[in-house]
Amino acid sequence: MKSVLFVGAGRHQRRAILRAKQLGLRVVAVDRNPAAVGLPHADDAHVVDFAEVEAVIAVARAAGVDGVLTVSADRAVPVVAAVAEELGLPGIGSATAHLMTHKVAMRRRLAEGGVPQPRFAAVRVRREAAPAADTVGFPAVLKPADSGGQRGLFQLQSFEDLDRHLHAALAESPSDEVILEEFVDGLELNGLVVVRGGHAYPLLLSDRLRPSGEGFGVGWIHSYPSKLFGDVLEEAERVAVRAVVTLGLKDGIAFPQLIVSQGRALVVEVAARVPGGQMADLAFHALGVDLIEIALKQALGEEAPDEIVLPRHSRPTAIRFLTARPGPLPLGKVRKVSGLDRVLQAPGVVQADVFLQPGETIRPVRLDGDRRGYVIATGQTNVQALERAEAAARLLYVETE
Ligand SMILES: Nc1ncnc2c1ncn2[C@@H]1O[C@H](COP(=O)(O)OP(=O)(O)O)[C@@H](O)[C@H]1O
Ligand SMILES: [Mg+2]
């Protein structure tokens, strides 16, 4: 029996762990949180902070795993690459892992490769802020070079805004570096690209809708198929593939994020992992493709055949995340949550979940983590799928104080 190590065993990894077991694998898992919901499902669970790479390597070695992977956790990507390198297991390599998790390194490589992207400048210390602002201009976006989930992300209108938020953005970066980028106004697309033996296959592109204001970086709706079509969609697909190849991924699943503005597709970032935030579920419902199965095969160095990679169907699908306004959740401290069963029975709904716990506080949407559940629906068209997901989301009853 082959065994795999999951780096991280939280909510997003839990189902992947269950799937791995279903596929006949022995699962070893590490998470620093002893209460991580995936740990109880692992055959061999360890409470280890994966920031301690040596400790993860020790677990992998002792367990004699045949492969290592992560789902959804960007911070785990370099760790997975390092463990694989150390043990001689299949992996994307530390150099590619760095390019695909460090936004400054990524942008420099994309620039060398001529991949379209926003203007950018790196900032490490305050005196670099003014020249960076001169290069990039305003409006701009400020973000940590190596964080995620929209932590430390700001939209800036002026140099005063940059000055005000620089510290908070730097504080979220383990390498003490931030990136300032031209703000691109347009439709955001999420992509999924499967790379096998250096050949990149663009599996899916979907619209990622976001609220305006503070939560401008949070995807609160995924909608498939995209409302773009024809040349513009094809161009986005080409840019997504070029970005992935330019960053050096040879075997793996990539998650490119793009913004299409005035007919041009610009790269926001590309992650080297199965995405979190229900994108894997989108691939499953919209296309009948199981990303976890592909990722497991690749982690084990096995071929991922066309039968598991190519779409089985193309079904309009929408995901509506449960957030505060413009989502359906009320603000305040949660007293009671009910009605998930009603949501699940609503027309077109294929999957839904709520992460809200009584006692927690629902805040205005700003971060990835402010998405406190989701509803996935399918329909005859992308519009109907979204209407169904929205209607179903309203059936959830949340009482706050
Ligand atoms: N240059 C930009 N212009 C406009 N929006 C941006 C830009 N950069 C990021 N965003 C928005 O912020 C979100 C998060 O940025 P991203 O670079 O993907 O960081 P994270 O690692 O937090 O996901 C993006 O998905 C997008 O909605
Ligand atoms: Mg992102």
# chains A, B, ... in the order shown; residues from 1 in each chain; ligands from 1
>>> residues_around(residues="A:Ser147", least_positions_apart="3", cutoff="7 Å", atoms="only C-alpha atoms", output="ChimeraX atom specification")
/A:144,151,172-173
>>> closest_atom_pairs(of="chain A", to="ligand 1", cutoff="7 Å", atoms="only C-alpha atoms and all ligand atoms", output="JSON lines")
{"residue": "A:Pro118", "atom": "CA", "partner": "ligand 1", "partner_atom_place_in_ligand_line": "1 (N)", "distance": 5.9}
{"residue": "A:Ala140", "atom": "CA", "partner": "ligand 1", "partner_atom_place_in_ligand_line": "1 (N)", "distance": 6.8}
{"residue": "A:Val141", "atom": "CA", "partner": "ligand 1", "partner_atom_place_in_ligand_line": "1 (N)", "distance": 5.4}
{"residue": "A:Ser147", "atom": "CA", "partner": "ligand 1", "partner_atom_place_in_ligand_line": "21 (O)", "distance": 5.7}
{"residue": "A:Gly148", "atom": "CA", "partner": "ligand 1", "partner_atom_place_in_ligand_line": "21 (O)", "distance": 3.3}
{"residue": "A:Gly149", "atom": "CA", "partner": "ligand 1", "partner_atom_place_in_ligand_line": "22 (O)", "distance": 4.1}
{"residue": "A:Gln150", "atom": "CA", "partner": "ligand 1", "partner_atom_place_in_ligand_line": "22 (O)", "distance": 3.2}
{"residue": "A:Arg151", "atom": "CA", "partner": "ligand 1", "partner_atom_place_in_ligand_line": "22 (O)", "distance": 5.8}
{"residue": "A:Leu153", "atom": "CA", "partner": "ligand 1", "partner_atom_place_in_ligand_line": "22 (O)", "distance": 6.6}
{"residue": "A:Glu181", "atom": "CA", "partner": "ligand 1", "partner_atom_place_in_ligand_line": "1 (N)", "distance": 4.9}
{"residue": "A:Glu182", "atom": "CA", "partner": "ligand 1", "partner_atom_place_in_ligand_line": "1 (N)", "distance": 5.1}
{"residue": "A:Phe183", "atom": "CA", "partner": "ligand 1", "partner_atom_place_in_ligand_line": "3 (N)", "distance": 3.6}
{"residue": "A:Val184", "atom": "CA", "partner": "ligand 1", "partner_atom_place_in_ligand_line": "3 (N)", "distance": 3.8}
{"residue": "A:Asp185", "atom": "CA", "partner": "ligand 1", "partner_atom_place_in_ligand_line": "4 (C)", "distance": 5.8}
{"residue": "A:Glu188", "atom": "CA", "partner": "ligand 1", "partner_atom_place_in_ligand_line": "27 (O)", "distance": 6.6}
{"residue": "A:Arg210", "atom": "CA", "partner": "ligand 1", "partner_atom_place_in_ligand_line": "27 (O)", "distance": 6.8}
{"residue": "A:Phe216", "atom": "CA", "partner": "ligand 1", "partner_atom_place_in_ligand_line": "27 (O)", "distance": 6.0}
{"residue": "A:Gly217", "atom": "CA", "partner": "ligand 1", "partner_atom_place_in_ligand_line": "12 (O)", "distance": 3.4}
{"residue": "A:Val218", "atom": "CA", "partner": "ligand 1", "partner_atom_place_in_ligand_line": "27 (O)", "distance": 6.0}
{"residue": "A:Gly219", "atom": "CA", "partner": "ligand 1", "partner_atom_place_in_ligand_line": "27 (O)", "distance": 6.7}
{"residue": "A:Gln257", "atom": "CA", "partner": "ligand 1", "partner_atom_place_in_ligand_line": "25 (O)", "distance": 6.6}
{"residue": "A:Val268", "atom": "CA", "partner": "ligand 1", "partner_atom_place_in_ligand_line": "17 (O)", "distance": 5.4}
{"residue": "A:Glu269", "atom": "CA", "partner": "ligand 1", "partner_atom_place_in_ligand_line": "17 (O)", "distance": 5.4}
>>> residues_around(residues="A:Arg208", least_positions_apart="2", cutoff="10 Å", atoms="only C-alpha atoms", output="list in words")
Leu187, Glu188, Leu189, Asn190, Gly191, Leu205, Ser206, Arg210, Gly217, Val218, Gly219, Trp220, Ile221, His222, Ser223, Tyr224, Ser226, Gln257, Leu258, Ile259 and Ile319 of chain A
>>> select_by_dssp(residues="stretch 165-383 of chain A", states="alpha helix (DSSP H)", output="number ranges by chain")
A: 165-171, 230-246, 279-287, 291-299, 306-309, 340-345, 382-383
>>> closest_residue(among="A:Ala145, A:Ala42, A:Val245, A:Leu156", to="A:Pro202", atoms="only C-alpha atoms")
A:Val245
>>> residues_around(residues="stretch 46-53 of chain A", least_positions_apart="6", cutoff="10 Å", atoms="only C-alpha atoms", output="mmCIF file with N, CA and C atoms, in the first residue's frame")
data_model
loop_
_atom_site.group_PDB
_atom_site.id
_atom_site.type_symbol
_atom_site.label_atom_id
_atom_site.label_comp_id
_atom_site.auth_asym_id
_atom_site.auth_seq_id
_atom_site.Cartn_x
_atom_site.Cartn_y
_atom_site.Cartn_z
ATOM 1 N N VAL A 7 0.617 17.842 3.995
ATOM 2 C CA VAL A 7 1.179 18.944 4.781
ATOM 3 C C VAL A 7 0.033 19.930 5.024
ATOM 4 N N GLY A 8 -0.456 19.913 6.251
ATOM 5 C CA GLY A 8 -1.669 20.665 6.587
ATOM 6 C C GLY A 8 -2.849 19.703 6.567
ATOM 7 N N ALA A 9 -3.696 19.806 7.587
ATOM 8 C CA ALA A 9 -4.822 18.874 7.681
ATOM 9 C C ALA A 9 -6.076 19.602 8.186
ATOM 10 N N VAL A 28 -0.600 9.913 5.902
ATOM 11 C CA VAL A 28 0.132 10.501 7.015
ATOM 12 C C VAL A 28 -0.173 11.999 6.936
ATOM 13 N N ALA A 29 -0.417 12.652 8.071
ATOM 14 C CA ALA A 29 -0.750 14.076 8.007
ATOM 15 C C ALA A 29 -0.099 14.832 9.140
ATOM 16 N N VAL A 30 0.288 16.064 8.840
ATOM 17 C CA VAL A 30 0.802 16.949 9.900
ATOM 18 C C VAL A 30 -0.001 18.248 9.901
ATOM 19 N N ASP A 31 -0.221 18.763 11.089
ATOM 20 C CA ASP A 31 -0.827 20.090 11.249
ATOM 21 C C ASP A 31 -0.410 20.577 12.627
ATOM 22 N N ARG A 32 -0.183 21.898 12.726
ATOM 23 C CA ARG A 32 0.262 22.382 14.044
ATOM 24 C C ARG A 32 -0.890 22.433 15.032
ATOM 25 N N ASN A 33 -2.111 22.416 14.499
ATOM 26 C CA ASN A 33 -3.290 22.524 15.352
ATOM 27 C C ASN A 33 -3.786 21.124 15.732
ATOM 28 N N PRO A 34 -3.709 20.768 17.013
ATOM 29 C CA PRO A 34 -4.137 19.413 17.405
ATOM 30 C C PRO A 34 -5.610 19.162 17.100
ATOM 31 N N ALA A 35 -6.387 20.233 16.948
ATOM 32 C CA ALA A 35 -7.821 20.069 16.667
ATOM 33 C C ALA A 35 -8.125 20.131 15.169
ATOM 34 N N ALA A 36 -7.086 20.145 14.320
ATOM 35 C CA ALA A 36 -7.314 20.228 12.865
ATOM 36 C C ALA A 36 -8.253 19.099 12.437
ATOM 37 N N LEU A 39 -6.949 15.730 10.831
ATOM 38 C CA LEU A 39 -6.033 14.808 11.542
ATOM 39 C C LEU A 39 -6.688 13.492 11.964
ATOM 40 N N VAL A 59 9.107 13.399 9.957
ATOM 41 C CA VAL A 59 7.874 12.602 9.919
ATOM 42 C C VAL A 59 7.808 11.815 8.607
ATOM 43 N N ARG A 75 1.236 28.416 1.943
ATOM 44 C CA ARG A 75 2.452 28.426 2.761
ATOM 45 C C ARG A 75 3.092 27.052 2.801
ATOM 46 N N ALA A 76 2.288 26.014 2.521
ATOM 47 C CA ALA A 76 2.829 24.663 2.570
ATOM 48 C C ALA A 76 3.551 24.282 1.278
ATOM 49 N N PRO A 78 6.186 25.517 -0.523
ATOM 50 C CA PRO A 78 7.644 25.352 -0.457
ATOM 51 C C PRO A 78 8.059 24.203 0.477
ATOM 52 N N VAL A 79 7.252 23.961 1.492
ATOM 53 C CA VAL A 79 7.562 22.872 2.430
ATOM 54 C C VAL A 79 7.411 21.525 1.718
ATOM 55 N N VAL A 80 6.328 21.381 0.979
ATOM 56 C CA VAL A 80 6.102 20.151 0.221
ATOM 57 C C VAL A 80 7.261 19.928 -0.756
ATOM 58 N N ALA A 82 10.324 21.048 -0.535
ATOM 59 C CA ALA A 82 11.561 20.740 0.194
ATOM 60 C C ALA A 82 11.565 19.291 0.696
ATOM 61 N N VAL A 83 10.425 18.848 1.205
ATOM 62 C CA VAL A 83 10.332 17.468 1.699
ATOM 63 C C VAL A 83 10.560 16.499 0.540
#
>>> closest_residue(among="A:Gly359, A:Gly24, A:Gly198, A:Gly93", to="A:Arg335", atoms="only C-alpha atoms")
A:Gly359
>>> residues_around(residues="A:Ala385", least_positions_apart="4", cutoff="12 Å", atoms="only C-alpha atoms", output="ChimeraX atom specification")
/A:221-225,285-286,315-320,346-350,375-381,389-392
>>> write_last_selection(atoms="N, CA and C atoms", output="mmCIF file, in the first residue's frame")
data_model
loop_
_atom_site.group_PDB
_atom_site.id
_atom_site.type_symbol
_atom_site.label_atom_id
_atom_site.label_comp_id
_atom_site.auth_asym_id
_atom_site.auth_seq_id
_atom_site.Cartn_x
_atom_site.Cartn_y
_atom_site.Cartn_z
ATOM 1 N N ILE A 221 -18.178 35.081 -5.389
ATOM 2 C CA ILE A 221 -18.926 34.228 -6.317
ATOM 3 C C ILE A 221 -17.937 33.671 -7.341
ATOM 4 N N HIS A 222 -18.077 32.362 -7.618
ATOM 5 C CA HIS A 222 -17.414 31.772 -8.784
ATOM 6 C C HIS A 222 -18.503 31.419 -9.774
ATOM 7 N N SER A 223 -18.301 31.755 -11.016
ATOM 8 C CA SER A 223 -19.329 31.467 -12.004
ATOM 9 C C SER A 223 -18.708 30.843 -13.243
ATOM 10 N N TYR A 224 -19.264 29.672 -13.618
ATOM 11 C CA TYR A 224 -18.765 28.939 -14.792
ATOM 12 C C TYR A 224 -19.931 28.606 -15.705
ATOM 13 N N PRO A 225 -19.836 28.731 -17.007
ATOM 14 C CA PRO A 225 -18.686 29.254 -17.731
ATOM 15 C C PRO A 225 -18.563 30.761 -17.588
ATOM 16 N N HIS A 285 -17.957 19.652 -10.116
ATOM 17 C CA HIS A 285 -19.359 19.767 -10.546
ATOM 18 C C HIS A 285 -19.477 20.251 -11.987
ATOM 19 N N ALA A 286 -18.619 21.184 -12.373
ATOM 20 C CA ALA A 286 -18.740 21.763 -13.716
ATOM 21 C C ALA A 286 -18.210 20.809 -14.786
ATOM 22 N N ARG A 315 -20.890 21.755 -17.379
ATOM 23 C CA ARG A 315 -22.181 22.066 -16.771
ATOM 24 C C ARG A 315 -22.095 23.432 -16.091
ATOM 25 N N PRO A 316 -22.955 24.374 -16.482
ATOM 26 C CA PRO A 316 -22.938 25.678 -15.805
ATOM 27 C C PRO A 316 -23.074 25.515 -14.290
ATOM 28 N N THR A 317 -22.176 26.146 -13.568
ATOM 29 C CA THR A 317 -22.113 25.954 -12.114
ATOM 30 C C THR A 317 -21.756 27.287 -11.457
ATOM 31 N N ALA A 318 -22.370 27.551 -10.317
ATOM 32 C CA ALA A 318 -22.039 28.772 -9.576
ATOM 33 C C ALA A 318 -21.792 28.446 -8.114
ATOM 34 N N ILE A 319 -20.853 29.159 -7.538
ATOM 35 C CA ILE A 319 -20.607 29.048 -6.098
ATOM 36 C C ILE A 319 -20.848 30.409 -5.483
ATOM 37 N N ARG A 320 -21.715 30.442 -4.524
ATOM 38 C CA ARG A 320 -21.967 31.681 -3.799
ATOM 39 C C ARG A 320 -21.429 31.475 -2.388
ATOM 40 N N ALA A 346 -32.710 22.796 -2.044
ATOM 41 C CA ALA A 346 -33.200 23.814 -2.992
ATOM 42 C C ALA A 346 -32.844 23.406 -4.426
ATOM 43 N N PRO A 347 -33.627 23.891 -5.404
ATOM 44 C CA PRO A 347 -33.410 23.502 -6.803
ATOM 45 C C PRO A 347 -31.989 23.788 -7.277
ATOM 46 N N GLY A 348 -31.378 22.784 -7.888
ATOM 47 C CA GLY A 348 -30.064 22.963 -8.499
ATOM 48 C C GLY A 348 -28.889 22.846 -7.559
ATOM 49 N N VAL A 349 -29.150 22.811 -6.250
ATOM 50 C CA VAL A 349 -28.029 22.793 -5.303
ATOM 51 C C VAL A 349 -27.365 21.415 -5.286
ATOM 52 N N VAL A 350 -26.048 21.386 -5.470
ATOM 53 C CA VAL A 350 -25.320 20.117 -5.480
ATOM 54 C C VAL A 350 -24.398 19.968 -4.268
ATOM 55 N N VAL A 375 -22.548 27.861 -1.137
ATOM 56 C CA VAL A 375 -23.604 27.080 -1.782
ATOM 57 C C VAL A 375 -23.184 26.884 -3.240
ATOM 58 N N ILE A 376 -23.224 25.659 -3.703
ATOM 59 C CA ILE A 376 -22.897 25.386 -5.106
ATOM 60 C C ILE A 376 -24.151 24.894 -5.814
ATOM 61 N N ALA A 377 -24.485 25.529 -6.930
ATOM 62 C CA ALA A 377 -25.659 25.110 -7.695
ATOM 63 C C ALA A 377 -25.300 24.996 -9.165
ATOM 64 N N THR A 378 -26.010 24.127 -9.861
ATOM 65 C CA THR A 378 -25.847 24.024 -11.311
ATOM 66 C C THR A 378 -27.153 24.454 -11.972
ATOM 67 N N GLY A 379 -27.100 24.705 -13.260
ATOM 68 C CA GLY A 379 -28.298 25.132 -13.987
ATOM 69 C C GLY A 379 -28.100 24.977 -15.479
ATOM 70 N N GLN A 380 -29.094 25.425 -16.226
ATOM 71 C CA GLN A 380 -29.023 25.346 -17.690
ATOM 72 C C GLN A 380 -28.002 26.347 -18.234
ATOM 73 N N THR A 381 -27.856 27.462 -17.536
ATOM 74 C CA THR A 381 -26.919 28.504 -17.957
ATOM 75 C C THR A 381 -26.166 29.003 -16.723
ATOM 76 N N ALA A 389 -28.065 29.441 -6.788
ATOM 77 C CA ALA A 389 -27.171 29.473 -5.625
ATOM 78 C C ALA A 389 -27.558 30.620 -4.690
ATOM 79 N N GLU A 390 -27.898 31.760 -5.294
ATOM 80 C CA GLU A 390 -28.296 32.925 -4.480
ATOM 81 C C GLU A 390 -29.593 32.655 -3.734
ATOM 82 N N ALA A 391 -30.560 32.073 -4.439
ATOM 83 C CA ALA A 391 -31.858 31.801 -3.822
ATOM 84 C C ALA A 391 -31.678 30.811 -2.679
ATOM 85 N N ALA A 392 -30.855 29.800 -2.904
ATOM 86 C CA ALA A 392 -30.643 28.783 -1.880
ATOM 87 C C ALA A 392 -29.931 29.386 -0.664
#
>>> residues_around(residues="A:Pro90", least_positions_apart="4", cutoff="12 Å", atoms="only C-alpha atoms", output="MDAnalysis selection string")
chainID A and resid 4 65:69 80:86 94 250:252 295:303
>>> atom_distance(atom1="atom CA of A:Lys143", atom2="atom CA of A:Asp176")
11.2 Å
>>> residues_around(residues="A:Arg11", least_positions_apart="5", cutoff="12 Å", atoms="only C-alpha atoms", output="PyMOL selection string")
chain A and resi 16-18+31+33+35-41+71-73+276-278+353-355+369+372-373
>>> closest_residue(among="A:Arg107, A:Arg126, A:Arg388, A:Lys336", to="A:Gln357", atoms="only C-alpha atoms")
A:Lys336
>>> atom_distance(atom1="atom CA of A:Val193", atom2="atom CA of A:Ala254")
5.1 Å
>>> closest_residue(among="A:Val241, A:Val365, A:Leu247, A:Met1", to="A:His98", atoms="only C-alpha atoms")
A:Leu247
>>> select_by_dssp(residues="stretch 179-266 of chain A", states="strand (DSSP E or B)", output="PyMOL selection string")
chain A and resi 179-182+187-196+199-209+221-224+252-261+264-266
